[in-house]
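K.L.:
File query-v4.tsv below, TSV, N, CA and C atoms:
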```tsv
chain	number	residue	atom	x	y	z
A	1	MET	N	132.07	134.41	124.42
A	1	MET	CA	132.65	135.15	123.33
A	1	MET	C	132.17	136.60	123.40
A	2	MET	N	133.10	137.54	123.30
A	2	MET	CA	132.76	138.94	123.36
A	2	MET	C	132.36	139.43	121.97
A	3	ARG	N	131.24	140.15	121.92
A	3	ARG	CA	130.80	140.72	120.65
A	3	ARG	C	131.32	142.14	120.54
A	4	ARG	N	131.85	142.47	119.40
A	4	ARG	CA	132.33	143.82	119.17
A	4	ARG	C	131.55	144.41	118.01
A	5	ASP	N	130.82	145.46	118.29
A	5	ASP	CA	130.12	146.18	117.24
A	5	ASP	C	131.03	147.30	116.76
A	6	TYR	N	131.09	147.47	115.48
A	6	TYR	CA	131.94	148.49	114.91
A	6	TYR	C	131.09	149.66	114.45
A	7	HIS	N	131.35	150.80	115.04
A	7	HIS	CA	130.71	152.04	114.64
A	7	HIS	C	131.84	152.98	114.28
A	8	SER	N	131.80	153.51	113.10
A	8	SER	CA	132.87	154.40	112.67
A	8	SER	C	132.28	155.61	111.99
A	9	PRO	N	132.95	156.75	112.12
A	9	PRO	CA	132.51	157.91	111.37
A	9	PRO	C	132.58	157.60	109.88
A	10	ALA	N	131.59	158.02	109.13
A	10	ALA	CA	131.57	157.80	107.69
A	10	ALA	C	131.63	159.14	106.98
A	11	LEU	N	132.52	159.24	106.03
A	11	LEU	CA	132.65	160.44	105.23
A	11	LEU	C	132.23	160.12	103.81
A	12	CYS	N	131.25	160.85	103.32
A	12	CYS	CA	130.78	160.63	101.96
A	12	CYS	C	131.43	161.66	101.06
A	13	VAL	N	132.19	161.18	100.09
A	13	VAL	CA	132.87	162.05	99.14
A	13	VAL	C	131.92	162.24	97.96
A	14	SER	N	131.97	163.37	97.34
A	14	SER	CA	131.10	163.65	96.20
A	14	SER	C	131.25	162.57	95.12
A	15	ARG	N	130.42	162.65	94.12
A	15	ARG	CA	130.49	161.69	93.01
A	15	ARG	C	131.76	161.86	92.19
A	16	GLU	N	132.53	162.86	92.52
A	16	GLU	CA	133.78	163.11	91.82
A	16	GLU	C	134.81	162.08	92.22
A	17	GLN	N	135.13	161.16	91.33
A	17	GLN	CA	136.05	160.06	91.64
A	17	GLN	C	137.47	160.56	91.91
A	18	ARG	N	137.86	161.67	91.30
A	18	ARG	CA	139.22	162.19	91.52
A	18	ARG	C	139.44	162.55	92.98
A	19	GLU	N	138.42	163.10	93.63
A	19	GLU	CA	138.55	163.46	95.05
A	19	GLU	C	138.73	162.20	95.90
A	20	PHE	N	137.93	161.18	95.64
A	20	PHE	CA	138.06	159.90	96.35
A	20	PHE	C	139.45	159.31	96.13
A	21	ASP	N	139.89	159.28	94.87
A	21	ASP	CA	141.20	158.71	94.54
A	21	ASP	C	142.33	159.48	95.22
A	22	ALA	N	142.20	160.80	95.31
A	22	ALA	CA	143.24	161.61	95.96
A	22	ALA	C	143.32	161.29	97.46
A	23	ILE	N	142.17	161.12	98.11
A	23	ILE	CA	142.18	160.78	99.53
A	23	ILE	C	142.75	159.39	99.74
A	24	LEU	N	142.35	158.44	98.90
A	24	LEU	CA	142.90	157.08	98.99
A	24	LEU	C	144.41	157.11	98.83
A	25	GLN	N	144.92	157.90	97.90
A	25	GLN	CA	146.37	157.98	97.70
A	25	GLN	C	147.06	158.55	98.92
A	26	ARG	N	146.45	159.54	99.57
A	26	ARG	CA	147.05	160.10	100.80
A	26	ARG	C	147.08	159.06	101.91
A	27	VAL	N	146.04	158.24	102.01
A	27	VAL	CA	146.03	157.16	103.01
A	27	VAL	C	147.16	156.19	102.72
A	28	LYS	N	147.33	155.81	101.45
A	28	LYS	CA	148.41	154.89	101.06
A	28	LYS	C	149.78	155.51	101.35
A	29	ASP	N	149.95	156.77	100.95
A	29	ASP	CA	151.24	157.45	101.14
A	29	ASP	C	151.61	157.57	102.61
A	30	ALA	N	150.60	157.69	103.48
A	30	ALA	CA	150.84	157.80	104.92
A	30	ALA	C	151.11	156.44	105.56
A	31	GLY	N	150.95	155.37	104.77
A	31	GLY	CA	151.20	154.04	105.30
A	31	GLY	C	150.12	153.55	106.26
A	32	LEU	N	148.91	154.11	106.14
A	32	LEU	CA	147.82	153.71	107.02
A	32	LEU	C	147.19	152.41	106.54
A	33	ALA	N	146.75	151.59	107.49
A	33	ALA	CA	146.05	150.35	107.14
A	33	ALA	C	144.68	150.69	106.59
A	34	PHE	N	144.25	149.99	105.53
A	34	PHE	CA	142.91	150.20	104.99
A	34	PHE	C	142.40	148.91	104.37
A	35	GLY	N	141.09	148.81	104.27
A	35	GLY	CA	140.48	147.63	103.67
A	35	GLY	C	139.02	147.87	103.35
A	36	SER	N	138.38	146.85	102.81
A	36	SER	CA	137.00	146.98	102.35
A	36	SER	C	135.97	146.99	103.47
A	37	GLY	N	136.35	146.59	104.67
A	37	GLY	CA	135.43	146.58	105.80
A	37	GLY	C	136.15	146.90	107.09
A	38	PRO	N	135.40	147.18	108.16
A	38	PRO	CA	136.03	147.56	109.42
A	38	PRO	C	136.83	146.45	110.09
A	39	ARG	N	136.58	145.21	109.69
A	39	ARG	CA	137.32	144.08	110.27
A	39	ARG	C	138.42	143.57	109.33
A	40	THR	N	138.60	144.24	108.20
A	40	THR	CA	139.57	143.78	107.20
A	40	THR	C	140.51	144.92	106.83
A	41	LEU	N	141.06	145.57	107.83
A	41	LEU	CA	141.85	146.78	107.58
A	41	LEU	C	143.22	146.53	106.97
A	42	GLU	N	143.65	145.30	106.89
A	42	GLU	CA	144.98	145.03	106.35
A	42	GLU	C	144.95	144.52	104.91
A	43	GLU	N	143.76	144.33	104.34
A	43	GLU	CA	143.67	143.71	103.01
A	43	GLU	C	143.96	144.67	101.86
A	44	ARG	N	143.89	145.98	102.10
A	44	ARG	CA	144.19	146.99	101.09
A	44	ARG	C	143.30	146.86	99.85
A	45	LYS	N	142.01	146.56	100.08
A	45	LYS	CA	141.03	146.46	99.00
A	45	LYS	C	139.90	147.45	99.23
A	46	LEU	N	139.20	147.79	98.15
A	46	LEU	CA	138.04	148.67	98.22
A	46	LEU	C	136.77	147.84	98.17
A	47	ASN	N	135.66	148.43	98.62
A	47	ASN	CA	134.37	147.78	98.45
A	47	ASN	C	133.55	148.53	97.40
A	48	ASP	N	132.50	147.90	96.92
A	48	ASP	CA	131.60	148.54	95.94
A	48	ASP	C	130.15	148.41	96.38
A	49	TRP	N	129.94	148.55	97.67
A	49	TRP	CA	128.61	148.40	98.24
A	49	TRP	C	127.66	149.47	97.72
A	50	ASN	N	126.46	149.07	97.39
A	50	ASN	CA	125.39	149.97	96.94
A	50	ASN	C	125.77	150.78	95.71
A	51	GLY	N	126.69	150.26	94.91
A	51	GLY	CA	127.04	150.92	93.65
A	51	GLY	C	128.08	152.01	93.77
A	52	GLY	N	128.58	152.30	94.96
A	52	GLY	CA	129.63	153.29	95.12
A	52	GLY	C	130.97	152.60	95.36
A	53	ARG	N	131.95	153.37	95.76
A	53	ARG	CA	133.26	152.83	96.13
A	53	ARG	C	133.53	153.25	97.57
A	54	GLY	N	134.22	152.40	98.30
A	54	GLY	CA	134.52	152.77	99.68
A	54	GLY	C	135.62	151.95	100.29
A	55	PHE	N	136.10	152.43	101.43
A	55	PHE	CA	137.08	151.69	102.22
A	55	PHE	C	137.05	152.23	103.64
A	56	TYR	N	137.62	151.45	104.52
A	56	TYR	CA	137.79	151.83	105.93
A	56	TYR	C	139.28	151.97	106.17
A	57	TYR	N	139.66	152.92	107.00
A	57	TYR	CA	141.07	153.04	107.37
A	57	TYR	C	141.18	153.44	108.83
A	58	LYS	N	142.33	153.18	109.38
A	58	LYS	CA	142.61	153.53	110.76
A	58	LYS	C	143.56	154.72	110.75
A	59	ASP	N	143.13	155.82	111.38
A	59	ASP	CA	143.98	157.01	111.40
A	59	ASP	C	145.11	156.85	112.43
A	60	HIS	N	145.96	157.86	112.53
A	60	HIS	CA	147.12	157.78	113.41
A	60	HIS	C	146.74	157.69	114.89
A	61	ASP	N	145.51	158.09	115.23
A	61	ASP	CA	145.05	157.99	116.62
A	61	ASP	C	144.31	156.69	116.89
A	62	GLY	N	144.22	155.81	115.89
A	62	GLY	CA	143.58	154.52	116.06
A	62	GLY	C	142.09	154.49	115.78
A	63	HIS	N	141.53	155.59	115.29
A	63	HIS	CA	140.11	155.63	114.96
A	63	HIS	C	139.87	155.01	113.59
A	64	VAL	N	138.85	154.17	113.49
A	64	VAL	CA	138.48	153.57	112.20
A	64	VAL	C	137.47	154.51	111.54
A	65	ILE	N	137.77	154.90	110.31
A	65	ILE	CA	136.95	155.84	109.56
A	65	ILE	C	136.55	155.21	108.23
A	66	GLU	N	135.31	155.40	107.85
A	66	GLU	CA	134.82	154.89	106.56
A	66	GLU	C	134.75	156.04	105.57
A	67	LEU	N	135.23	155.80	104.37
A	67	LEU	CA	135.17	156.78	103.29
A	67	LEU	C	134.43	156.12	102.13
A	68	MET	N	133.46	156.83	101.55
A	68	MET	CA	132.69	156.22	100.46
A	68	MET	C	132.28	157.28	99.44
A	69	THR	N	131.96	156.80	98.26
A	69	THR	CA	131.40	157.66	97.22
A	69	THR	C	129.93	157.31	97.05
A	70	MET	N	129.21	158.19	96.45
A	70	MET	CA	127.82	157.94	96.11
A	70	MET	C	127.78	157.17	94.79
A	71	PRO	N	126.78	156.31	94.62
A	71	PRO	CA	126.66	155.60	93.34
A	71	PRO	C	126.50	156.57	92.18
A	72	GLN	N	126.99	156.17	91.04
A	72	GLN	CA	126.87	157.00	89.83
A	72	GLN	C	125.47	156.98	89.29
```
Write out the structure in this file as structure tokens.
P.N.:
Amino acid sequence: MMRRDYHSPALCVSREQREFDAILQRVKDAGLAFGSGPRTLEERKLNDWNGGRGFYYKDHDGHVIELMTMPQ
């Protein structure tokens, strides 16, 4: 069995939830796959790890990128 480690660029958005929500909306509007983890890109759910909000998405070039907020 082949093991695949997932390493993705992570972008931390400020504690400002509006900025996070605006980026999430752009991802949705672009029809990009996103999910709560790097292996669940089609579920269209967010995560709440460590008290923040986050998701992973695949850009048009196929790169998996993580976007997260800092805990309140």
K.L.:
Identify, on the basis of all atoms listed in the file, every residue whose closest approach to Ala33 of chain A does not exceed 8 Å; exclude the query and any residue fewer than 3 positions from it along the same chain; express the result as JSON, numbers by chain.
P.N.:
{"A": [27, 28, 30, 40, 41, 42, 43, 44, 56, 57, 58, 59]}
K.L.:
Quick one: pick out all strand (DSSP E or B) residues within segment 7-72 of chain A from a backbone DSSP run and write them as a list in words.
P.N.:
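Put together, the selection reads Ala10, Leu11, Cys12, Val13, Phe34, Gly35, Asn47, Gly54, Phe55, Tyr56, Tyr57, Lys58, Val64, Ile65, Glu66, Leu67, Met68 and Thr69 of chain A.
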K.L.:
Given only C-alpha atoms as the basis, pick out the residue of A:Lys45, A:Ala22, A:Cys12, A:Pro38 nearest to Thr69 of chain A.
P.N.:
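For Thr69 of chain A, the nearest of the candidates is A:Cys12.
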K.L.:
For Phe55 of chain A, which residue among A:Arg26, A:Gly35, A:Asp21, A:Pro71 is the nearest when counting only C-alpha atoms?
P.N.:
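Of all the options, A:Gly35 lies closest to Phe55 of chain A.
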K.L.:
Please report the interatomic distance between atom N of Arg18 of chain A and atom CA of Asp61 of chain A in Å with one decimal.
P.N.:
26.6 Å
K.L.:
Of the candidates A:Gly31, A:Leu46, A:Val13, A:Arg39, which shows the shortest atom-to-atom distance to Leu67 of chain A, using all atoms listed in the file?
P.N.:
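Among A:Gly31, A:Leu46, A:Val13, A:Arg39, it is A:Val13 that comes nearest to Leu67 of chain A.
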K.L.:
Kindly give the distance, in Å, that separates atom C of His63 of chain A and atom N of Asn50 of chain A, rounded to a single decimal.
P.N.:
21.9 Å
K.L.:
What is the distance, in Å and to one decimal place, between atom N of Glu16 of chain A and atom N of His60 of chain A?
P.N.:
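Distance between the two atoms: 24.6 Å.
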K.L.:
Check the DSSP output for the backbone and give back, as JSON, numbers by chain, the residues of chain A in alpha helix (DSSP H).
P.N.:
{"A": [17, 18, 19, 20, 21, 22, 23, 24, 25, 26, 27, 28, 29]}
K.L.:
Taking all atoms of segment 29-42 of chain A that the file lists and extending 4 Å past them on each side, where is the centre of the axis-aligned box and how long are its edges? Answer in Å to one decimal, as JSON.
P.N.:
```
{"center_x": 143.5, "center_y": 150.7, "center_z": 105.6, "size_x": 24.2, "size_y": 22.2, "size_z": 17.3}
```
K.L.:
Ranking A:Arg53, A:Gly37, A:Asp48, A:Gln17 by minimum distance to Ile65 of chain A and counting only C-alpha atoms, which one comes first?
P.N.:
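Checking each of A:Arg53, A:Gly37, A:Asp48, A:Gln17 against Ile65 of chain A, counting only C-alpha atoms, the winner is A:Gly37.
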K.L.:
Complete segment 41-52 of chain A at the level of all heavy atoms, written as an mmCIF file, in the coordinates of the input.
P.N.:
```
data_model
loop_
_atom_site.group_PDB
_atom_site.id
_atom_site.type_symbol
_atom_site.label_atom_id
_atom_site.label_comp_id
_atom_site.auth_asym_id
_atom_site.auth_seq_id
_atom_site.Cartn_x
_atom_site.Cartn_y
_atom_site.Cartn_z
ATOM 1 N N LEU A 41 141.060 145.570 107.830
ATOM 2 C CA LEU A 41 141.850 146.780 107.580
ATOM 3 C C LEU A 41 143.220 146.530 106.970
ATOM 4 O O LEU A 41 143.892 147.470 106.580
ATOM 5 C CB LEU A 41 142.013 147.562 108.886
ATOM 6 C CG LEU A 41 140.730 148.197 109.404
ATOM 7 C CD1 LEU A 41 140.982 148.848 110.750
ATOM 8 C CD2 LEU A 41 140.185 149.200 108.420
ATOM 9 N N GLU A 42 143.650 145.300 106.890
ATOM 10 C CA GLU A 42 144.980 145.030 106.350
ATOM 11 C C GLU A 42 144.950 144.520 104.910
ATOM 12 O O GLU A 42 145.991 144.324 104.298
ATOM 13 C CB GLU A 42 145.704 144.002 107.226
ATOM 14 C CG GLU A 42 145.922 144.454 108.659
ATOM 15 C CD GLU A 42 146.819 145.680 108.787
ATOM 16 O OE1 GLU A 42 147.721 145.858 107.951
ATOM 17 O OE2 GLU A 42 146.601 146.466 109.720
ATOM 18 N N GLU A 43 143.760 144.330 104.340
ATOM 19 C CA GLU A 43 143.670 143.710 103.010
ATOM 20 C C GLU A 43 143.960 144.670 101.860
ATOM 21 O O GLU A 43 144.199 144.232 100.740
ATOM 22 C CB GLU A 43 142.301 143.062 102.818
ATOM 23 C CG GLU A 43 141.202 144.083 102.684
ATOM 24 C CD GLU A 43 139.843 143.493 102.424
ATOM 25 O OE1 GLU A 43 139.714 142.279 102.292
ATOM 26 O OE2 GLU A 43 138.887 144.271 102.352
ATOM 27 N N ARG A 44 143.890 145.980 102.100
ATOM 28 C CA ARG A 44 144.190 146.990 101.090
ATOM 29 C C ARG A 44 143.300 146.860 99.850
ATOM 30 O O ARG A 44 143.751 147.033 98.725
ATOM 31 C CB ARG A 44 145.670 146.986 100.732
ATOM 32 C CG ARG A 44 146.561 147.232 101.938
ATOM 33 C CD ARG A 44 148.022 147.291 101.634
ATOM 34 N NE ARG A 44 148.408 148.448 100.861
ATOM 35 C CZ ARG A 44 148.638 149.671 101.336
ATOM 36 N NH1 ARG A 44 148.478 149.908 102.612
ATOM 37 N NH2 ARG A 44 149.010 150.656 100.547
ATOM 38 N N LYS A 45 142.010 146.560 100.080
ATOM 39 C CA LYS A 45 141.030 146.460 99.000
ATOM 40 C C LYS A 45 139.900 147.450 99.230
ATOM 41 O O LYS A 45 139.658 147.875 100.349
ATOM 42 C CB LYS A 45 140.441 145.046 98.933
ATOM 43 C CG LYS A 45 141.443 143.998 98.542
ATOM 44 C CD LYS A 45 140.782 142.641 98.447
ATOM 45 C CE LYS A 45 141.805 141.577 98.082
ATOM 46 N NZ LYS A 45 141.197 140.252 98.024
ATOM 47 N N LEU A 46 139.200 147.790 98.150
ATOM 48 C CA LEU A 46 138.040 148.670 98.220
ATOM 49 C C LEU A 46 136.770 147.840 98.170
ATOM 50 O O LEU A 46 136.784 146.695 97.719
ATOM 51 C CB LEU A 46 138.033 149.641 97.039
ATOM 52 C CG LEU A 46 139.266 150.524 96.858
ATOM 53 C CD1 LEU A 46 139.100 151.408 95.639
ATOM 54 C CD2 LEU A 46 139.526 151.345 98.099
ATOM 55 N N ASN A 47 135.660 148.430 98.620
ATOM 56 C CA ASN A 47 134.370 147.780 98.450
ATOM 57 C C ASN A 47 133.550 148.530 97.400
ATOM 58 O O ASN A 47 133.901 149.653 97.025
ATOM 59 C CB ASN A 47 133.618 147.664 99.780
ATOM 60 C CG ASN A 47 133.201 149.003 100.345
ATOM 61 O OD1 ASN A 47 132.531 149.792 99.686
ATOM 62 N ND2 ASN A 47 133.584 149.266 101.582
ATOM 63 N N ASP A 48 132.500 147.900 96.920
ATOM 64 C CA ASP A 48 131.600 148.540 95.940
ATOM 65 C C ASP A 48 130.150 148.410 96.380
ATOM 66 O O ASP A 48 129.247 148.242 95.575
ATOM 67 C CB ASP A 48 131.816 147.959 94.547
ATOM 68 C CG ASP A 48 131.566 146.464 94.483
ATOM 69 O OD1 ASP A 48 131.243 145.845 95.520
ATOM 70 O OD2 ASP A 48 131.682 145.905 93.383
ATOM 71 N N TRP A 49 129.940 148.550 97.670
ATOM 72 C CA TRP A 49 128.610 148.400 98.240
ATOM 73 C C TRP A 49 127.660 149.470 97.720
ATOM 74 O O TRP A 49 128.024 150.633 97.600
ATOM 75 C CB TRP A 49 128.665 148.455 99.754
ATOM 76 C CG TRP A 49 129.565 147.410 100.363
ATOM 77 C CD1 TRP A 49 129.910 146.207 99.820
ATOM 78 C CD2 TRP A 49 130.252 147.485 101.601
ATOM 79 N NE1 TRP A 49 130.756 145.529 100.652
ATOM 80 C CE2 TRP A 49 130.978 146.291 101.763
ATOM 81 C CE3 TRP A 49 130.313 148.447 102.593
ATOM 82 C CZ2 TRP A 49 131.753 146.028 102.876
ATOM 83 C CZ3 TRP A 49 131.088 148.181 103.706
ATOM 84 C CH2 TRP A 49 131.791 146.987 103.845
ATOM 85 N N ASN A 50 126.460 149.070 97.390
ATOM 86 C CA ASN A 50 125.390 149.970 96.940
ATOM 87 C C ASN A 50 125.770 150.780 95.710
ATOM 88 O O ASN A 50 125.273 151.887 95.504
ATOM 89 C CB ASN A 50 124.971 150.916 98.078
ATOM 90 C CG ASN A 50 124.444 150.166 99.272
ATOM 91 O OD1 ASN A 50 123.670 149.224 99.123
ATOM 92 N ND2 ASN A 50 124.874 150.551 100.458
ATOM 93 N N GLY A 51 126.690 150.260 94.910
ATOM 94 C CA GLY A 51 127.040 150.920 93.650
ATOM 95 C C GLY A 51 128.080 152.010 93.770
ATOM 96 O O GLY A 51 128.444 152.620 92.763
ATOM 97 N N GLY A 52 128.580 152.300 94.960
ATOM 98 C CA GLY A 52 129.630 153.290 95.120
ATOM 99 C C GLY A 52 130.970 152.600 95.360
ATOM 100 O O GLY A 52 131.104 151.402 95.160
#
```
